[in-house]
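Visitor: Mind looking over this structure? Questions follow.
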Amino acid sequence: MDNTEIDAFYETHQALYGYLLAQREVSFANESNNNFRRSLVLAIASYFEHQVMAIMRALPLKHASGHPFICALIEQKAIAHQYHTYFEWDGSNANKFFRLFGADFRDAVKASIQADREIDASVKAFLELGDLRNRLVHLNYVTFDVDKTPEDIMSRYRLALGFIAFLRSRLLGESE
């Protein structure tokens, strides 16, 4: 798996955290870690939003030969300010998103996910991180306690990357 900006963000924090501990600045290290967990959730959610929106923007280029009318319509009505309406973040599946592409697509994808535990787990990790992001920003960012370690968050992130690859494969025909 390629390293992403998220991996670099995480590694920078780990270096800072390690440095603070080496300097015996345990209180600062713990505070840094608390703040980083919140920032990491937002960074991951932002990264995933960017990835899903790139897939959505590529759809008319691939399937409608980049026709400017179709691209403009999709941009205005299906993409602009719509990302957070695509998913039921506190749910356990992405069926709401898959329904956007019709019942046949939804049913086929649903069957694929039910047959593949790894993809099912990646969908759940993706939704869990999105739900965590929503709770973080809507329930007072500064006082919200992210009850996962940075390592736990990164583990969920790496698992959720499989969902992005799955979407690219199913919607754009790109290999996973």
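Order determines the names: the first chain of the structure tokens is A, the second B, and so forth; residues in each chain are numbered 1 upward, and ligands are numbered 1 upward as they are shown.
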Identify, on the basis of only C-alpha atoms, every residue whose closest approach to Phe144 of chain A does not exceed 12 Å; exclude the query and any residue fewer than 4 positions from it along the same chain; express the result as JSON, numbers by chain.
Guide: {"A": [34, 35, 37, 38, 39, 41, 132, 133, 134, 135, 136, 137, 138, 139, 140, 148]}
Visitor: Can I get the selection written as a short mmCIF file (atom, residue, chain, number, x, y, z; two decimals), in the first residue's frame, with all heavy atoms?
Guide:
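again-v3.cif, freshly written:
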data_model
loop_
_atom_site.label_atom_id
_atom_site.label_comp_id
_atom_site.auth_asym_id
_atom_site.auth_seq_id
_atom_site.Cartn_x
_atom_site.Cartn_y
_atom_site.Cartn_z
N ASN A 34 -3.58 13.74 22.76
CA ASN A 34 -5.03 14.01 22.81
C ASN A 34 -5.44 14.91 21.65
O ASN A 34 -6.45 14.65 20.98
CB ASN A 34 -5.41 14.67 24.13
CG ASN A 34 -5.38 13.70 25.29
OD1 ASN A 34 -5.49 12.49 25.09
ND2 ASN A 34 -5.23 14.22 26.49
N ASN A 35 -4.69 15.96 21.42
CA ASN A 35 -5.00 16.86 20.31
C ASN A 35 -4.81 16.17 18.97
O ASN A 35 -5.60 16.38 18.04
CB ASN A 35 -4.14 18.12 20.37
CG ASN A 35 -4.54 19.03 21.51
OD1 ASN A 35 -5.70 19.09 21.89
ND2 ASN A 35 -3.57 19.73 22.08
N ARG A 37 -5.18 13.02 18.17
CA ARG A 37 -6.26 12.07 17.86
C ARG A 37 -7.42 12.80 17.18
O ARG A 37 -7.97 12.30 16.19
CB ARG A 37 -6.74 11.37 19.13
CG ARG A 37 -5.71 10.40 19.68
CD ARG A 37 -6.25 9.60 20.83
NE ARG A 37 -7.08 10.38 21.73
CZ ARG A 37 -7.02 10.32 23.04
NH1 ARG A 37 -6.18 9.51 23.63
NH2 ARG A 37 -7.83 11.05 23.78
N ARG A 38 -7.78 13.96 17.70
CA ARG A 38 -8.86 14.73 17.07
C ARG A 38 -8.45 15.18 15.67
O ARG A 38 -9.22 15.07 14.72
CB ARG A 38 -9.24 15.93 17.94
CG ARG A 38 -9.97 15.54 19.22
CD ARG A 38 -10.51 16.74 19.97
NE ARG A 38 -9.49 17.59 20.52
CZ ARG A 38 -9.00 17.50 21.76
NH1 ARG A 38 -9.46 16.58 22.57
NH2 ARG A 38 -8.08 18.33 22.18
N SER A 39 -7.24 15.70 15.55
CA SER A 39 -6.76 16.17 14.25
C SER A 39 -6.64 15.03 13.25
O SER A 39 -6.95 15.20 12.07
CB SER A 39 -5.38 16.84 14.40
OG SER A 39 -5.48 18.00 15.17
N VAL A 41 -8.44 12.27 13.11
CA VAL A 41 -9.79 11.92 12.63
C VAL A 41 -10.23 12.89 11.55
O VAL A 41 -10.73 12.48 10.48
CB VAL A 41 -10.81 11.88 13.80
CG1 VAL A 41 -12.24 11.81 13.28
CG2 VAL A 41 -10.51 10.72 14.73
N LEU A 132 -17.31 9.22 13.53
CA LEU A 132 -16.46 9.83 14.55
C LEU A 132 -16.18 11.29 14.21
O LEU A 132 -16.24 12.17 15.06
CB LEU A 132 -15.16 9.04 14.70
CG LEU A 132 -14.22 9.45 15.82
CD1 LEU A 132 -14.90 9.47 17.17
CD2 LEU A 132 -13.02 8.50 15.82
N ARG A 133 -15.92 11.56 12.94
CA ARG A 133 -15.69 12.94 12.48
C ARG A 133 -16.92 13.80 12.76
O ARG A 133 -16.81 14.90 13.26
CB ARG A 133 -15.36 12.94 10.99
CG ARG A 133 -15.25 14.33 10.40
CD ARG A 133 -16.51 14.63 9.59
NE ARG A 133 -16.50 16.01 9.14
CZ ARG A 133 -17.54 16.82 9.21
NH1 ARG A 133 -18.68 16.43 9.71
NH2 ARG A 133 -17.47 18.04 8.78
N ASN A 134 -18.08 13.28 12.44
CA ASN A 134 -19.30 14.05 12.65
C ASN A 134 -19.54 14.35 14.13
O ASN A 134 -19.88 15.48 14.49
CB ASN A 134 -20.51 13.31 12.08
CG ASN A 134 -20.55 13.37 10.58
OD1 ASN A 134 -19.85 14.15 9.95
ND2 ASN A 134 -21.37 12.51 9.99
N ARG A 135 -19.34 13.36 14.97
CA ARG A 135 -19.52 13.59 16.40
C ARG A 135 -18.48 14.58 16.91
O ARG A 135 -18.81 15.44 17.73
CB ARG A 135 -19.46 12.27 17.17
CG ARG A 135 -20.70 11.41 16.89
CD ARG A 135 -20.75 10.13 17.71
NE ARG A 135 -19.69 9.22 17.32
CZ ARG A 135 -18.81 8.68 18.18
NH1 ARG A 135 -18.87 8.94 19.47
NH2 ARG A 135 -17.88 7.86 17.75
N LEU A 136 -17.28 14.48 16.42
CA LEU A 136 -16.21 15.38 16.83
C LEU A 136 -16.55 16.84 16.52
O LEU A 136 -16.43 17.71 17.37
CB LEU A 136 -14.91 14.98 16.12
CG LEU A 136 -13.68 15.84 16.33
CD1 LEU A 136 -13.24 15.82 17.78
CD2 LEU A 136 -12.55 15.33 15.44
N VAL A 137 -17.01 17.11 15.32
CA VAL A 137 -17.26 18.50 14.94
C VAL A 137 -18.60 19.03 15.45
O VAL A 137 -18.76 20.24 15.58
CB VAL A 137 -17.14 18.74 13.42
CG1 VAL A 137 -15.75 18.42 12.93
CG2 VAL A 137 -18.17 17.97 12.63
N HIS A 138 -19.53 18.14 15.76
CA HIS A 138 -20.84 18.60 16.21
C HIS A 138 -21.03 18.53 17.72
O HIS A 138 -22.02 19.04 18.24
CB HIS A 138 -21.96 17.83 15.51
CG HIS A 138 -22.00 18.07 14.04
ND1 HIS A 138 -22.33 19.29 13.50
CD2 HIS A 138 -21.71 17.26 12.99
CE1 HIS A 138 -22.25 19.22 12.18
NE2 HIS A 138 -21.88 18.01 11.85
N LEU A 139 -20.10 17.90 18.42
CA LEU A 139 -20.23 17.76 19.87
C LEU A 139 -19.09 18.44 20.61
O LEU A 139 -18.59 17.93 21.61
CB LEU A 139 -20.31 16.28 20.27
CG LEU A 139 -21.51 15.51 19.72
CD1 LEU A 139 -21.43 14.04 20.11
CD2 LEU A 139 -22.81 16.12 20.24
N ASN A 140 -18.67 19.59 20.12
CA ASN A 140 -17.64 20.42 20.75
C ASN A 140 -16.25 19.82 20.60
O ASN A 140 -15.76 19.09 21.47
CB ASN A 140 -17.97 20.71 22.22
CG ASN A 140 -17.10 21.83 22.77
OD1 ASN A 140 -16.14 22.27 22.15
ND2 ASN A 140 -17.46 22.30 23.95
N LYS A 148 -10.01 6.44 21.03
CA LYS A 148 -9.11 5.53 20.32
C LYS A 148 -7.71 6.11 20.34
O LYS A 148 -7.55 7.33 20.32
CB LYS A 148 -9.57 5.34 18.89
CG LYS A 148 -10.93 4.69 18.75
CD LYS A 148 -11.26 4.43 17.30
CE LYS A 148 -12.61 3.81 17.10
NZ LYS A 148 -13.06 2.88 18.08
#
Visitor: What's the separation between atom CA of Pro60 of chain A and atom CA of Gly162 of chain A, in Å to one decimal place?
Guide: 22.9 Å
Visitor: Tell me, in Å to one decimal, how far atom CA of Lys62 of chain A is from atom CA of Leu172 of chain A.
Guide: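 If I compute the distance from atom CA of Lys62 of chain A to atom CA of Leu172 of chain A, I get 6.8 Å.
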Visitor: Residues within 12 Å of Ile70 of chain A, please, as a list in words. Count only C-alpha atoms; anything in the same chain fewer than 4 positions from it doesn't count.
Guide: Arg57, Ala58, Leu59, Pro60, Leu61, Lys62, His63, Ala64, Ser65, Gly66, Ile74, Glu75, Gln76, Lys77 and Ala78 of chain A
Visitor: Asp7 of chain A: which residues within 12 Å, counting only C-alpha atoms, same-chain residues fewer than 6 positions away excluded, as an NGL selection string?
Guide: :A and (1 or 13-14 or 40 or 43-44 or 47 or 150-151 or 153-155 or 157-158)
Visitor: Work out how far apart atom CA of His81 of chain A and atom CA of Met53 of chain A are and give it in Å to one decimal.
Guide: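 Straight-line distance from atom CA of His81 of chain A to atom CA of Met53 of chain A works out to 10.1 Å.
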Visitor: Name the closest residue to Leu161 of chain A among the candidates A:Gly102, A:Thr4, A:Phe28, A:Val146; distances are taken between atoms, counting only C-alpha atoms.
Guide: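 The shortest atom-to-atom distance to Leu161 of chain A comes from A:Thr4.
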Visitor: Which one of A:Asp145, A:Asp107, A:Glu31, A:Glu88 sits closest to Glu128 of chain A if you count only C-alpha atoms?
Guide: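 For Glu128 of chain A, the nearest of the candidates is A:Glu88.
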Visitor: Skipping near chain neighbours, those fewer than 6 positions away, what residues fall within 12 Å of Ala165 of chain A using only C-alpha atoms, listed as a count of residues only?
Guide: 17
Visitor: According to DSSP computed on the backbone, where in segment 15-107 of chain A is there helix (DSSP H, G or I)? Give the residues as an MDAnalysis selection string.
Guide: chainID A and resid 15:22 26:63 68:79 83:85 95:99 103:107
